[in-house]
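Printed here is target14.pdb (PDB, C-alpha atoms and all ligand atoms):
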```pdb
ATOM      1  CA  MET Z   1       5.649 -13.971 -13.693  1.00  0.00           C
ATOM      2  CA  ILE Z   2       4.044 -12.408 -10.681  1.00  0.00           C
ATOM      3  CA  GLU Z   3       2.803 -14.358  -7.709  1.00  0.00           C
ATOM      4  CA  LYS Z   4      -0.944 -14.196  -8.157  1.00  0.00           C
ATOM      5  CA  ASN Z   5      -1.492 -15.128  -4.546  1.00  0.00           C
ATOM      6  CA  ASP Z   6       0.161 -11.880  -3.499  1.00  0.00           C
ATOM      7  CA  LEU Z   7      -2.352  -9.819  -5.458  1.00  0.00           C
ATOM      8  CA  LYS Z   8      -5.774  -8.855  -4.246  1.00  0.00           C
ATOM      9  CA  PRO Z   9      -8.637  -9.057  -6.783  1.00  0.00           C
ATOM     10  CA  CYS Z  10      -9.397  -6.059  -8.978  1.00  0.00           C
ATOM     11  CA  PRO Z  11     -11.259  -3.412  -6.917  1.00  0.00           C
ATOM     12  CA  PHE Z  12     -13.456  -2.571  -9.914  1.00  0.00           C
ATOM     13  CA  CYS Z  13     -14.555  -5.945 -11.268  1.00  0.00           C
ATOM     14  CA  ASN Z  14     -13.250  -8.354  -8.616  1.00  0.00           C
ATOM     15  CA  SER Z  15     -11.291 -10.228 -11.266  1.00  0.00           C
ATOM     16  CA  ARG Z  16      -8.114 -12.131 -10.489  1.00  0.00           C
ATOM     17  CA  HIS Z  17      -7.103 -12.056 -14.143  1.00  0.00           C
ATOM     18  CA  LEU Z  18      -4.262  -9.660 -13.471  1.00  0.00           C
ATOM     19  CA  ASP Z  19      -0.926  -9.044 -15.122  1.00  0.00           C
ATOM     20  CA  VAL Z  20       1.987  -6.704 -14.596  1.00  0.00           C
ATOM     21  CA  ASP Z  21       3.492  -4.194 -17.023  1.00  0.00           C
ATOM     22  CA  ILE Z  22       7.000  -2.879 -16.588  1.00  0.00           C
ATOM     23  CA  SER Z  23       8.364   0.277 -18.175  1.00  0.00           C
ATOM     24  CA  ARG Z  24      11.915   0.694 -19.358  1.00  0.00           C
ATOM     25  CA  MET Z  25      12.469   3.081 -16.488  1.00  0.00           C
ATOM     26  CA  GLY Z  26      11.917   0.263 -14.015  1.00  0.00           C
ATOM     27  CA  PHE Z  27       8.436   1.269 -12.949  1.00  0.00           C
ATOM     28  CA  ALA Z  28       5.770  -1.400 -12.891  1.00  0.00           C
ATOM     29  CA  TRP Z  29       2.020  -1.446 -12.476  1.00  0.00           C
ATOM     30  CA  ILE Z  30      -0.701  -4.048 -12.286  1.00  0.00           C
ATOM     31  CA  VAL Z  31      -3.171  -4.311 -15.154  1.00  0.00           C
ATOM     32  CA  CYS Z  32      -6.583  -5.943 -14.926  1.00  0.00           C
ATOM     33  CA  LYS Z  33      -7.128  -8.059 -18.023  1.00  0.00           C
ATOM     34  CA  THR Z  34     -10.875  -8.067 -17.492  1.00  0.00           C
ATOM     35  CA  CYS Z  35     -11.758  -4.350 -17.186  1.00  0.00           C
ATOM     36  CA  HIS Z  36      -8.334  -2.947 -18.222  1.00  0.00           C
ATOM     37  CA  ALA Z  37      -7.917  -0.951 -15.033  1.00  0.00           C
ATOM     38  CA  ASN Z  38      -4.368   0.136 -14.323  1.00  0.00           C
ATOM     39  CA  GLY Z  39      -2.937   0.096 -10.825  1.00  0.00           C
ATOM     40  CA  PRO Z  40      -0.650   2.810  -9.481  1.00  0.00           C
ATOM     41  CA  GLU Z  41       2.966   2.700 -10.582  1.00  0.00           C
ATOM     42  CA  GLY Z  42       5.536   1.302  -8.222  1.00  0.00           C
ATOM     43  CA  VAL Z  43       9.254   0.701  -8.340  1.00  0.00           C
ATOM     44  CA  GLY Z  44       9.653  -2.781  -9.709  1.00  0.00           C
ATOM     45  CA  ILE Z  45       7.117  -5.559  -9.535  1.00  0.00           C
ATOM     46  CA  GLY Z  46       7.200  -5.598  -5.743  1.00  0.00           C
ATOM     47  CA  GLY Z  47       6.291  -1.930  -5.620  1.00  0.00           C
ATOM     48  CA  ALA Z  48       3.506  -2.408  -8.136  1.00  0.00           C
ATOM     49  CA  ILE Z  49       2.015  -5.229  -6.098  1.00  0.00           C
ATOM     50  CA  ALA Z  50       2.248  -3.245  -2.865  1.00  0.00           C
ATOM     51  CA  ASN Z  51       0.561  -0.212  -4.441  1.00  0.00           C
ATOM     52  CA  TRP Z  52      -2.126  -2.368  -6.028  1.00  0.00           C
ATOM     53  CA  ASN Z  53      -2.983  -4.074  -2.760  1.00  0.00           C
ATOM     54  CA  ASN Z  54      -2.991  -0.733  -0.952  1.00  0.00           C
ATOM     55  CA  ARG Z  55      -5.364   0.703  -3.556  1.00  0.00           C
ATOM     56  CA  VAL Z  56      -7.684  -2.277  -3.197  1.00  0.00           C
ATOM     57  CA  SER Z  57      -7.921  -1.769   0.545  1.00  0.00           C
ATOM     58  CA  VAL Z  58      -8.621   1.952   0.019  1.00  0.00           C
ATOM     59  CA  GLN Z  59     -11.408   1.155  -2.438  1.00  0.00           C
ATOM     60  CA  LYS Z  60     -12.961  -1.288  -0.016  1.00  0.00           C
ATOM     61  CA  SER Z  61     -12.928   1.145   2.881  1.00  0.00           C
ATOM     62  CA  MET Z  62     -14.527   3.809   0.681  1.00  0.00           C
ATOM     63  CA  SER Z  63     -17.337   1.500  -0.429  1.00  0.00           C
ATOM     64  CA  ARG Z  64     -17.894   0.475   3.166  1.00  0.00           C
ATOM     65  CA  GLU Z  65     -18.431   4.125   4.112  1.00  0.00           C
ATOM     66  CA  LYS Z  66     -20.991   4.511   1.347  1.00  0.00           C
ATOM     67  CA  GLU Z  67     -22.901   1.489   2.633  1.00  0.00           C
ATOM     68  CA  ASP Z  68     -23.139   3.130   6.034  1.00  0.00           C
ATOM     69  CA  GLU Z  69     -24.943   6.177   4.664  1.00  0.00           C
TER
HETATM   70 ZN    ZN P   1     -10.902  -5.282 -13.211  1.00  0.00          ZN
END
```

Represent the structure contained in this file as structure tokens.
Ligand SMILES: [Zn+2]
Amino acid sequence: MIEKNDLKPCPFCNSRHLDVDISRMGFAWIVCKTCHANGPEGVGIGGAIANWNNRVSVQKSMSREKEDE
């Protein structure tokens, strides 16, 4: 199981109903169980979580720029 506290909410629907999928090659990615968004692949669960959280912060900064327009 992943540590939910380490994961930021889904950038699309703000859900914390998240899970992790792992491929046989050792790549993992976060999946939102609410809107079925897939996070970027990372190496292992730790990589998936890091990429997910990084993506969330990117999404937030982009939406903040739109609000400024
Ligand atoms: Zn979602």

Identify, counting only C-alpha atoms and all ligand atoms, the protein, DNA and RNA residues located within 9 Å of ligand ZN 1 (chain P), and give them as a PDB file with C-alpha atoms, keeping the file's coordinate frame.
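And here's part-v4.pdb as it stands now:
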```pdb
ATOM      1  CA  PRO Z   9      -8.637  -9.057  -6.783  1.00  0.00           C
ATOM      2  CA  CYS Z  10      -9.397  -6.059  -8.978  1.00  0.00           C
ATOM      3  CA  PRO Z  11     -11.259  -3.412  -6.917  1.00  0.00           C
ATOM      4  CA  PHE Z  12     -13.456  -2.571  -9.914  1.00  0.00           C
ATOM      5  CA  CYS Z  13     -14.555  -5.945 -11.268  1.00  0.00           C
ATOM      6  CA  ASN Z  14     -13.250  -8.354  -8.616  1.00  0.00           C
ATOM      7  CA  SER Z  15     -11.291 -10.228 -11.266  1.00  0.00           C
ATOM      8  CA  ARG Z  16      -8.114 -12.131 -10.489  1.00  0.00           C
ATOM      9  CA  HIS Z  17      -7.103 -12.056 -14.143  1.00  0.00           C
ATOM     10  CA  LEU Z  18      -4.262  -9.660 -13.471  1.00  0.00           C
ATOM     11  CA  VAL Z  31      -3.171  -4.311 -15.154  1.00  0.00           C
ATOM     12  CA  CYS Z  32      -6.583  -5.943 -14.926  1.00  0.00           C
ATOM     13  CA  LYS Z  33      -7.128  -8.059 -18.023  1.00  0.00           C
ATOM     14  CA  THR Z  34     -10.875  -8.067 -17.492  1.00  0.00           C
ATOM     15  CA  CYS Z  35     -11.758  -4.350 -17.186  1.00  0.00           C
ATOM     16  CA  HIS Z  36      -8.334  -2.947 -18.222  1.00  0.00           C
ATOM     17  CA  ALA Z  37      -7.917  -0.951 -15.033  1.00  0.00           C
ATOM     18  CA  ASN Z  38      -4.368   0.136 -14.323  1.00  0.00           C
TER      19      ASN Z  38
END
```

Next on the checklist: Using all atoms listed in the file, can you tell me which of Z:Gly39, Z:Gly44, Z:Asp6, Z:Ser57 comes closest to Z:Gly26?
Outcome noted: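 The shortest atom-to-atom distance to Z:Gly26 comes from Z:Gly44.
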
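For the atom pair formed by atom CA of Z:Ala28 and atom CA of Z:Arg55, the distance is 14.7 Å, given to one decimal.
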
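Counting from atom CA of Z:Asp21, the distance to atom CA of Z:Asn54 is 17.7 Å.
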
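Relative to atom CA of Z:Gly46, atom CA of Z:Lys8 is found at 13.5 Å.
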
Enclose the full set of atoms of stretch 41-58 of chain Z listed in the file within a box whose edges lie along x, y and z, apply 4 Å of padding to each of the six sides, and report centre and edge lengths in Å to one decimal as AutoDock Vina command-line options.
```
--center_x 0.5 --center_y -1.4 --center_z -5.0 --size_x 26.3 --size_y 16.3 --size_z 19.1
```

Item to check | Matched chain/residue IDs from the PyMOL selection byres (((chain Z and resi 43) around 10) and not hetatm), as a list in words | outcome: Ile22, Ser23, Met25, Gly26, Phe27, Ala28, Trp29, Glu41, Gly42, Gly44, Ile45, Gly46, Gly47, Ala48, Ile49, Ala50 and Asn51 of chain Z
